[in-house]
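Source file: start.csv (CSV, C-alpha atoms)
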chain,number,residue,atom,x,y,z
A,37,MET,CA,112.5,116.8,110.1
A,38,LYS,CA,110.4,118.0,107.1
A,39,VAL,CA,107.4,116.0,105.9
A,40,LYS,CA,108.9,115.5,102.4
A,41,GLU,CA,111.7,113.5,103.8
A,42,PHE,CA,109.5,110.8,105.2
A,43,MET,CA,106.2,110.9,103.4
A,44,THR,CA,104.8,108.0,101.3
A,45,THR,CA,104.8,109.1,97.7
A,46,ASN,CA,103.1,106.0,96.2
A,47,ILE,CA,99.4,106.9,96.8
A,48,GLU,CA,96.6,104.6,95.8
A,49,SER,CA,93.6,106.3,94.4
A,50,ILE,CA,90.2,105.3,93.2
A,51,ASP,CA,87.5,106.9,91.0
A,52,HIS,CA,84.5,108.2,92.9
A,53,LYS,CA,82.1,106.1,90.7
A,54,ARG,CA,83.6,102.8,91.8
A,55,SER,CA,81.8,100.6,94.3
A,56,VAL,CA,82.8,100.5,98.0
A,57,TYR,CA,83.4,96.8,97.5
A,58,TYR,CA,86.1,97.6,94.9
A,59,ALA,CA,87.6,100.0,97.4
A,60,VAL,CA,87.7,97.3,100.0
A,61,GLU,CA,89.4,94.9,97.6
A,62,ARG,CA,92.1,97.6,96.9
A,63,MET,CA,92.7,98.3,100.5
A,64,VAL,CA,93.0,94.6,101.4
A,65,ASN,CA,95.2,93.8,98.5
A,66,ARG,CA,97.6,96.7,99.2
A,67,ARG,CA,97.3,96.4,103.0
A,68,ILE,CA,96.4,100.1,103.3
A,69,ARG,CA,93.8,101.9,105.3
A,70,CYS,CA,92.8,104.7,103.0
A,71,LEU,CA,92.4,105.6,99.3
A,72,LEU,CA,92.5,109.0,97.6
A,73,VAL,CA,89.3,109.5,95.8
A,74,ARG,CA,89.5,111.2,92.4
A,75,PHE,CA,86.5,112.9,90.7
A,76,SER,CA,86.4,112.4,86.9
A,77,GLY,CA,86.2,115.7,85.1
A,78,ASP,CA,88.2,117.6,87.8
A,79,GLU,CA,91.8,116.5,88.3
A,80,ARG,CA,92.3,118.8,91.2
A,81,GLU,CA,89.3,117.7,93.2
A,82,TYR,CA,90.1,115.1,95.8
A,83,GLY,CA,88.4,113.2,98.6
A,84,VAL,CA,89.4,110.4,100.9
A,85,ILE,CA,87.9,107.1,101.9
A,86,THR,CA,89.2,105.2,104.9
A,87,ALA,CA,88.6,101.7,106.4
A,88,ARG,CA,86.8,103.5,109.2
A,89,ASP,CA,84.4,105.0,106.7
A,90,VAL,CA,83.7,101.6,105.1
A,91,VAL,CA,83.1,99.9,108.5
A,92,PHE,CA,81.0,102.6,110.1
A,93,LYS,CA,79.1,104.1,107.2
A,94,VAL,CA,78.5,100.9,105.2
A,95,LEU,CA,79.2,97.5,106.9
A,96,ALA,CA,77.9,98.4,110.4
A,97,LYS,CA,74.7,99.7,108.8
A,98,GLY,CA,74.1,96.5,106.9
A,99,ILE,CA,74.5,98.2,103.5
A,100,ASP,CA,75.7,96.0,100.6
A,101,PRO,CA,79.2,97.4,99.6
A,102,THR,CA,78.7,96.3,96.0
A,103,LYS,CA,75.6,98.6,95.7
A,104,ILE,CA,77.0,101.8,97.1
A,105,ASN,CA,79.4,104.1,95.3
A,106,VAL,CA,82.6,105.4,96.9
A,107,SER,CA,81.4,109.0,96.4
A,108,LYS,CA,78.6,108.4,98.9
A,109,ILE,CA,81.0,107.9,101.8
A,110,THR,CA,83.9,110.1,100.7
A,111,SER,CA,85.2,112.7,103.1
A,112,LYS,CA,85.8,116.1,101.4
A,113,PRO,CA,87.8,118.2,101.3
A,114,ILE,CA,91.0,116.5,102.2
A,115,VAL,CA,93.4,117.9,104.8
A,116,CYS,CA,96.5,119.1,103.0
A,117,ILE,CA,99.8,120.0,104.5
A,118,ASP,CA,102.9,121.6,102.9
A,119,GLN,CA,105.8,119.3,102.0
A,120,ASP,CA,108.1,121.6,104.0
A,121,ALA,CA,106.0,121.4,107.1
A,122,ASP,CA,107.6,120.0,110.2
A,123,PHE,CA,106.3,116.8,111.7
A,124,LYS,CA,105.3,118.6,114.9
A,125,GLU,CA,103.0,120.8,112.8
A,126,VAL,CA,101.5,117.7,111.2
A,127,ALA,CA,100.9,116.2,114.6
A,128,LYS,CA,99.1,119.4,115.7
A,129,ILE,CA,96.9,119.4,112.5
A,130,MET,CA,96.1,115.7,113.0
A,131,ASP,CA,95.1,116.3,116.6
A,132,GLU,CA,93.0,119.4,115.8
A,133,SER,CA,91.2,117.7,112.9
A,134,ASP,CA,91.0,114.3,114.6
A,135,ILE,CA,92.5,112.5,111.6
A,136,ALA,CA,95.1,109.7,111.4
A,137,ARG,CA,96.5,110.7,108.0
A,138,ALA,CA,97.0,113.8,106.0
A,139,PHE,CA,97.9,114.4,102.4
A,140,VAL,CA,100.9,116.4,101.3
A,141,CYS,CA,100.1,118.9,98.6
A,142,ASP,CA,102.2,121.0,96.2
A,143,GLN,CA,99.8,123.8,95.4
A,144,ASP,CA,96.6,121.9,94.6
A,145,ARG,CA,98.3,118.6,93.6
A,146,VAL,CA,98.6,115.7,96.0
A,147,ILE,CA,102.2,114.4,96.1
A,148,GLY,CA,102.3,112.4,99.3
A,149,LEU,CA,100.7,110.9,102.4
A,150,VAL,CA,101.7,111.1,106.0
A,151,ALA,CA,100.1,108.7,108.6
A,152,LEU,CA,100.3,108.7,112.4
A,153,MET,CA,102.9,106.0,112.3
A,154,ASP,CA,105.1,108.3,110.1
A,155,VAL,CA,104.8,111.0,112.7
A,156,MET,CA,105.9,108.6,115.4
A,157,SER,CA,108.8,107.3,113.4
A,158,ALA,CA,109.9,110.8,112.4
A,159,THR,CA,109.9,111.8,116.1
A,160,ILE,CA,112.1,108.9,117.0
A,161,ILE,CA,114.5,109.7,114.2
A,162,ALA,CA,114.6,113.4,115.2
A,163,ARG,CA,115.4,112.3,118.8
A,164,ALA,CA,118.2,110.0,117.7
A,165,ARG,CA,119.7,112.7,115.5
A,166,GLY,CA,119.5,115.2,118.4
A,167,GLU,CA,117.1,117.4,116.5
A,168,TYR,CA,114.1,116.9,118.7
A,169,VAL,CA,113.1,119.8,120.9
A,170,SER,CA,110.2,119.1,123.2
B,145,MET,CA,133.6,107.2,129.9
B,146,PHE,CA,133.4,103.5,130.4
B,147,LEU,CA,134.2,102.6,126.8
B,148,GLU,CA,137.2,104.9,126.8
B,149,LYS,CA,138.5,103.0,129.8
B,150,LEU,CA,137.8,99.6,128.2
B,151,PHE,CA,139.2,100.7,124.9
B,152,SER,CA,142.3,101.9,126.9
B,153,ARG,CA,142.7,104.7,124.5
B,154,GLY,CA,146.3,105.1,123.6
B,155,LYS,CA,147.7,106.5,120.4
B,156,LYS,CA,147.0,103.4,118.3
B,157,GLU,CA,143.4,103.1,119.6
B,158,ASN,CA,142.8,106.8,118.9
B,159,GLU,CA,144.1,106.4,115.4
B,160,VAL,CA,141.8,103.4,114.7
B,161,ILE,CA,138.8,105.2,116.1
B,162,GLY,CA,139.7,108.2,113.9
B,163,ASP,CA,140.0,106.0,110.9
B,164,ILE,CA,136.7,104.2,111.5
B,165,THR,CA,135.0,107.6,111.8
B,166,LYS,CA,136.8,108.6,108.5
B,167,GLN,CA,135.6,105.4,106.9
B,168,ILE,CA,131.9,106.0,107.8
B,169,LYS,CA,132.1,109.7,106.8
B,170,LEU,CA,133.5,108.7,103.5
B,171,LEU,CA,130.6,106.3,103.1
B,172,ASN,CA,128.3,109.2,103.8
B,173,THR,CA,129.9,111.3,101.1
B,174,ALA,CA,129.7,108.4,98.7
B,175,CYS,CA,126.0,107.9,99.4
B,176,GLY,CA,125.4,111.6,98.9
B,177,LEU,CA,127.3,111.6,95.6
B,178,PHE,CA,125.3,108.5,94.5
B,179,LYS,CA,122.0,110.3,95.2
B,180,THR,CA,123.1,113.5,93.3
B,181,ALA,CA,124.3,111.4,90.4
B,182,LEU,CA,120.9,109.6,90.3
B,183,GLU,CA,119.0,112.8,90.5
B,184,THR,CA,121.0,114.6,87.8
B,185,ASP,CA,121.5,111.4,85.7
B,186,ASN,CA,125.2,112.2,85.7
B,187,PRO,CA,127.4,109.2,84.7
B,188,SER,CA,130.7,110.9,85.4
B,189,LEU,CA,129.5,111.7,89.0
B,190,MET,CA,128.4,108.1,89.3
B,191,ARG,CA,131.9,106.9,88.3
B,192,LYS,CA,133.3,109.0,91.2
B,193,VAL,CA,131.4,106.6,93.6
B,194,MET,CA,133.9,103.9,92.4
B,195,ASP,CA,136.8,106.1,93.5
B,196,PHE,CA,135.3,106.3,96.9
B,197,GLU,CA,135.1,102.5,97.1
B,198,ARG,CA,138.9,102.4,96.4
B,199,MET,CA,139.5,105.1,99.1
B,200,GLY,CA,137.4,103.1,101.5
B,201,ASP,CA,139.5,100.0,100.7
B,202,ALA,CA,142.7,101.8,101.6
B,203,ILE,CA,141.2,103.0,104.9
B,204,ARG,CA,140.0,99.4,105.7
B,205,ARG,CA,143.4,98.0,105.2
B,206,ASP,CA,145.0,100.6,107.5
B,207,ILE,CA,142.5,100.0,110.2
B,208,ILE,CA,142.9,96.2,110.1
B,209,SER,CA,146.7,96.5,110.1
B,210,ARG,CA,146.6,98.9,113.1
B,211,ILE,CA,144.3,96.7,115.0
B,212,TYR,CA,146.5,93.6,114.6
B,213,GLU,CA,149.6,95.7,115.3
B,214,GLY,CA,148.2,95.8,118.9
B,215,ALA,CA,145.5,98.4,119.1
B,216,PHE,CA,142.8,97.4,121.6
B,217,LEU,CA,142.5,94.4,123.8
B,218,PRO,CA,142.7,91.1,121.9
B,219,TYR,CA,139.1,90.1,122.6
B,220,LEU,CA,137.8,93.3,121.0
B,221,ARG,CA,139.8,93.0,117.8
B,222,PRO,CA,137.7,90.5,115.9
B,223,ASP,CA,134.5,92.4,116.5
B,224,LEU,CA,136.0,95.7,115.5
B,225,CYS,CA,137.5,94.1,112.4
B,226,LYS,CA,134.1,92.6,111.5
B,227,PHE,CA,132.4,96.0,111.8
B,228,VAL,CA,135.0,97.6,109.5
B,229,GLU,CA,134.5,94.7,107.0
B,230,ILE,CA,130.7,95.2,107.1
B,231,VAL,CA,131.2,99.0,106.4
B,232,ASP,CA,133.5,98.1,103.6
B,233,SER,CA,131.0,95.7,102.1
B,234,ILE,CA,128.6,98.7,101.9
B,235,PHE,CA,131.1,100.5,99.7
B,236,ASP,CA,131.2,97.4,97.5
B,237,LEU,CA,127.5,97.3,97.2
B,238,LEU,CA,127.3,101.0,96.4
B,239,GLU,CA,129.9,100.5,93.7
B,240,ASP,CA,128.0,97.6,92.3
B,241,THR,CA,124.8,99.6,92.3
B,242,GLY,CA,126.6,102.4,90.5
B,243,TYR,CA,128.0,100.0,87.8
B,244,LYS,CA,124.5,98.6,87.2
B,245,TYR,CA,123.2,102.1,86.9
B,246,LEU,CA,125.8,103.0,84.3
B,247,ASP,CA,124.8,99.9,82.4
B,248,LEU,CA,121.1,100.6,82.1
B,249,LYS,CA,118.6,103.3,81.1
B,250,LEU,CA,116.5,103.8,84.2
B,251,PRO,CA,112.8,104.1,83.3
B,252,GLU,CA,111.6,107.6,84.3
B,253,GLN,CA,108.6,106.2,86.2
B,254,LEU,CA,111.0,104.5,88.7
B,255,ARG,CA,113.5,107.4,89.1
B,256,GLY,CA,111.5,109.2,91.8
B,257,GLU,CA,111.3,106.2,94.1
B,258,CYS,CA,115.0,105.3,93.4
B,259,ILE,CA,116.0,108.8,94.4
B,260,GLN,CA,114.0,108.5,97.6
B,261,VAL,CA,115.8,105.3,98.4
B,262,ALA,CA,119.1,106.9,97.7
B,263,PHE,CA,118.2,109.8,99.9
B,264,LEU,CA,117.2,107.5,102.8
B,265,ASN,CA,120.4,105.5,102.3
B,266,ARG,CA,122.3,108.7,102.9
B,267,ARG,CA,120.2,109.4,106.0
B,268,ILE,CA,120.6,105.9,107.4
B,269,CYS,CA,124.3,106.2,106.8
B,270,GLU,CA,124.4,109.5,108.8
B,271,MET,CA,122.6,107.6,111.6
B,272,LEU,CA,125.4,104.9,111.5
B,273,LEU,CA,128.0,107.6,112.1
B,274,ILE,CA,125.9,109.1,114.9
B,275,THR,CA,125.6,105.6,116.5
B,276,PHE,CA,129.3,104.9,116.2
B,277,GLU,CA,130.2,108.3,117.8
B,278,SER,CA,127.7,107.6,120.6
B,279,MET,CA,129.2,104.2,121.2
B,280,ILE,CA,132.7,105.8,121.6
B,281,LYS,CA,131.2,108.3,124.1
B,282,GLY,CA,129.7,105.4,126.0
B,283,GLU,CA,126.1,106.6,125.4
B,284,ASP,CA,123.0,104.4,125.1
B,285,LEU,CA,122.5,103.2,121.5
B,286,ARG,CA,118.9,102.1,121.8
B,287,GLU,CA,117.3,105.2,120.1
B,288,LYS,CA,119.9,105.3,117.4
B,289,ILE,CA,119.5,101.7,116.5
B,290,LEU,CA,115.7,102.0,116.5
B,291,ALA,CA,116.0,105.0,114.1
B,292,ILE,CA,118.2,102.9,111.8
B,293,ARG,CA,115.5,100.1,111.8
B,294,ILE,CA,112.8,102.7,111.0
B,295,TYR,CA,114.8,103.9,108.0
B,296,GLU,CA,115.3,100.3,106.9
B,297,LYS,CA,111.6,99.5,107.2
B,298,LYS,CA,110.8,102.6,105.2
B,299,ILE,CA,113.1,101.5,102.4
B,300,ASP,CA,111.6,98.1,102.5
B,301,ASP,CA,108.2,99.6,101.9
B,302,ILE,CA,109.4,101.5,99.0
B,303,LYS,CA,111.1,98.4,97.6
B,304,PHE,CA,107.8,96.6,97.3
B,305,ASP,CA,106.3,99.6,95.5
B,306,LEU,CA,109.3,99.7,93.2
B,307,ILE,CA,109.0,96.0,92.4
B,308,ARG,CA,105.3,96.4,91.7
B,309,ASP,CA,106.0,99.4,89.4
B,310,ALA,CA,108.9,97.7,87.7
B,311,ARG,CA,106.6,94.8,86.7
B,312,LYS,CA,104.5,97.2,84.7
B,313,ILE,CA,107.5,98.1,82.5
B,314,GLU,CA,107.7,96.4,79.2
B,315,ILE,CA,111.0,94.6,78.8
B,316,THR,CA,112.1,93.8,75.2
B,317,ASN,CA,115.5,92.5,76.0
B,318,PHE,CA,116.5,89.9,78.6
B,319,TRP,CA,119.7,91.7,79.8
B,320,GLU,CA,117.9,95.0,80.0
B,321,GLY,CA,115.4,93.4,82.5
B,322,GLU,CA,118.0,91.5,84.3
B,323,ILE,CA,120.2,94.6,84.9
B,324,LEU,CA,117.3,96.7,86.0
B,325,SER,CA,116.2,94.0,88.5
B,326,GLN,CA,119.8,93.7,89.8
B,327,PHE,CA,120.0,97.5,90.1
B,328,LEU,CA,116.8,97.7,92.2
B,329,SER,CA,117.9,94.8,94.3
B,330,CYS,CA,121.3,96.3,95.1
B,331,LEU,CA,119.9,99.8,95.7
B,332,THR,CA,117.4,98.5,98.2
B,333,SER,CA,119.9,96.1,99.9
B,334,ILE,CA,122.3,98.9,101.0
B,335,SER,CA,120.2,99.7,104.0
B,336,ASP,CA,120.1,96.0,105.0
B,337,VAL,CA,123.9,96.0,105.3
B,338,ILE,CA,123.9,99.3,107.2
B,339,GLU,CA,121.4,97.8,109.6
B,340,ASP,CA,123.8,94.8,110.0
B,341,ALA,CA,126.6,97.2,110.8
B,342,SER,CA,124.5,98.9,113.4
B,343,ASP,CA,123.5,95.6,114.9
B,344,HIS,CA,127.2,94.8,115.2
B,345,LEU,CA,127.9,98.0,116.9
B,346,GLN,CA,125.3,97.0,119.4
B,347,VAL,CA,127.1,93.6,119.9
B,348,ILE,CA,130.4,95.5,120.6
B,349,HIS,CA,128.6,97.8,122.9
B,350,VAL,CA,126.9,95.0,124.9
B,351,SER,CA,130.1,93.0,125.0
B,352,MET,CA,131.8,95.9,126.8
B,353,LYS,CA,129.3,95.8,129.7
Can you turn what I pasted into structure tokens?
Amino acid sequence: MKVKEFMTTNIESIDHKRSVYYAVERMVNRRIRCLLVRFSGDEREYGVITARDVVFKVLAKGIDPTKINVSKITSKPIVCIDQDADFKEVAKIMDESDIARAFVCDQDRVIGLVALMDVMSATIIARARGEYVS
Amino acid sequence: MFLEKLFSRGKKENEVIGDITKQIKLLNTACGLFKTALETDNPSLMRKVMDFERMGDAIRRDIISRIYEGAFLPYLRPDLCKFVEIVDSIFDLLEDTGYKYLDLKLPEQLRGECIQVAFLNRRICEMLLITFESMIKGEDLREKILAIRIYEKKIDDIKFDLIRDARKIEITNFWEGEILSQFLSCLTSISDVIEDASDHLQVIHVSMK
């Protein structure tokens, strides 16, 4: 199964100048665990901020999330995968890069997001359809 | 195969199984056509989905008559009929969705997500066919039904995004908003009914044991 068949296309993003607190609000409201970080002035430059970053880089260190910008804890560059990639390739990339989600890119534009749960679901579907080869 | 024994496959039984397979395959084609019509914004193609609903009706009538003419053991008949009726109601829902689409101007910012739902509806429908064929072969349905649930959950997630995005659209006329809301509701309900159909297959499967 190709990534484009099962990716999430509705991606939440945030400007790098926003506070971490604002990012937390967005994540809690939308029940998501990461945000795509956009850098004003360059539409093709992206980063990512995850709940893990917020907890380990800000909250656990006792830093006030309202006083720190998203850009300070953003991971860059993002891991991009091709929309025609197979889910097995995605699992390999996630394993090698030790990440739980990867962005799907069309050239240098982000068009989707794939999380570990999507990889698991896609594998179950492929097995049920008889397309899974171990 | 144990189901083949229980189904005591005679000529009538084989005809019914063949027709149910035909009914689900027709539904698959209708879902595919719906998706293409949505992608290409083609009203005449969308009208063809209504023709499929009529064809589906004819197959349903044939199946029900055959079952009550004596195909299968009596205790199996109501469950099989119920399954056929559920599949038929998916045709009805698809037709309703098509009519609503013809009645509205779909905002472009929603088209991408609607196409994705239509694509997943097609996929979930293919899974229903795979599940039915597995049941006839007497295979375990667990993985297939789980796959259907995963598809349904995915569509549910998109539904919430769609509703959120739809709220941002300015509506100037009551009926415009009402039909758009009904269209989105119908489009995202198709997978619910397919899931019901697969649950019913599971009931039939379990009752055989």
Can you tell me which residues surround segment 87-100 of chain A at a distance of at most 7 Å, considering only C-alpha atoms, apart from same-chain residues fewer than 4 positions away, and format the answer as a PDB file with C-alpha atoms, keeping the file's coordinate frame?
ATOM      1  CA  ARG A  69      93.800 101.900 105.300  1.00  0.00           C
ATOM      2  CA  CYS A  70      92.800 104.700 103.000  1.00  0.00           C
ATOM      3  CA  ILE A 104      77.000 101.800  97.100  1.00  0.00           C
ATOM      4  CA  ILE A 109      81.000 107.900 101.800  1.00  0.00           C
TER       5      ILE A 109
END
Exercise answer, chain B residues close to chain A, 6 Å and only C-alpha atoms, as a ChimeraX atom specification
/B:287-288,291
Could you write those residues out with C-alpha atoms, as an mmCIF file, keeping the file's coordinate frame?
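The new file part31.cif reads:
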data_model
loop_
_atom_site.group_PDB
_atom_site.id
_atom_site.type_symbol
_atom_site.label_atom_id
_atom_site.label_comp_id
_atom_site.auth_asym_id
_atom_site.auth_seq_id
_atom_site.Cartn_x
_atom_site.Cartn_y
_atom_site.Cartn_z
ATOM 1 C CA GLU B 287 117.300 105.200 120.100
ATOM 2 C CA LYS B 288 119.900 105.300 117.400
ATOM 3 C CA ALA B 291 116.000 105.000 114.100
#
List the spatial neighbours of Cys175 of chain B as a list in words - criterion: any atom at most 8 Å away, only C-alpha atoms, same-chain residues fewer than 4 positions off excluded.
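Those residues are Leu171, Lys179, Leu238, Ala262, Asn265, Arg266 and Cys269 of chain B.
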Which distance in Å separates atom CA of Ala181 of chain B and atom CA of Ile289 of chain B, to one decimal?
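Separating atom CA of Ala181 of chain B from atom CA of Ile289 of chain B is a distance of 28.3 Å.
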Atom CA of Tyr219 of chain B to atom CA of Ile348 of chain B, distance in Å rounded to a single decimal
10.4 Å
Students should find that atom CA of Leu272 of chain B and atom CA of Ile203 of chain B are spaced 17.2 Å
Would you list the contacts of Arg198 of chain B as a ChimeraX atom specification, taking every protein, DNA or RNA residue within 12 Å and counting only C-alpha atoms, but skipping same-chain residues closer than 4 positions in sequence?
/B:167,170-171,174,191-194,202-205,232-233,235-236,238-239
Which polymer residues, whether protein, DNA or RNA, lie within 9 Å of the coordinate (97.1, 106.9, 97.9) when you count only C-alpha atoms? List them as an NGL selection string, using the chain letters and numbers from the file.
:A and (44-50 or 68 or 70-73 or 84 or 139 or 148-149)
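With only C-alpha atoms taken into account, the protein and nucleic acid residues at most 10 Å from Arg311 of chain B (excluding it and anything under 5 positions from it in its own chain) are Leu306, Gly321 and Ser325 of chain B.
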If you count all atoms listed in the file, which residues fall within 12 Å of Leu273 of chain B, apart from same-chain ones fewer than 4 positions away, as a ChimeraX atom specification?
/A:164-165 /B:161-162,164-173,231,266-269,277-280,285,288-289,292,338,341-342,345
Go through B:Leu177, B:Leu237, B:Val160, B:Ile230 one by one, measure the shortest atom-to-atom distance of each to Arg210 of chain B using only C-alpha atoms, and give the residue with the smallest value.
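Closest to Arg210 of chain B, using only C-alpha atoms: B:Val160.
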Would you please work out which residue, of B:Leu290, B:Pro218, B:Lys312, B:Phe327, is nearest to Met156 of chain A when using only C-alpha atoms?
B:Leu290
Nearest candidate to Asp120 of chain A (options A:Val140, A:Val106, A:Val64, A:Val56; using only C-alpha atoms):
A:Val140
Please report, as lines of an AutoDock Vina configuration file, the centre and edge lengths in Å to one decimal of an axis-aligned box covering all listed atoms of segment 37-54 of chain A with 4 Å per side.
center_x = 97.3
center_y = 110.4
center_z = 100.4
size_x = 38.4
size_y = 23.2
size_z = 27.4
Have a look at B:Ile313, B:Val261, B:Leu189, B:Ile234 and name the one nearest to Asp301 of chain B; count all atoms listed in the file.
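Looking at the shortest contact to Asp301 of chain B, the residue is B:Val261.
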Using all atoms listed in the file, which residue out of A:Val150, A:Thr102, A:Val126, A:Asp144 lies closest to Glu61 of chain A?
A:Thr102
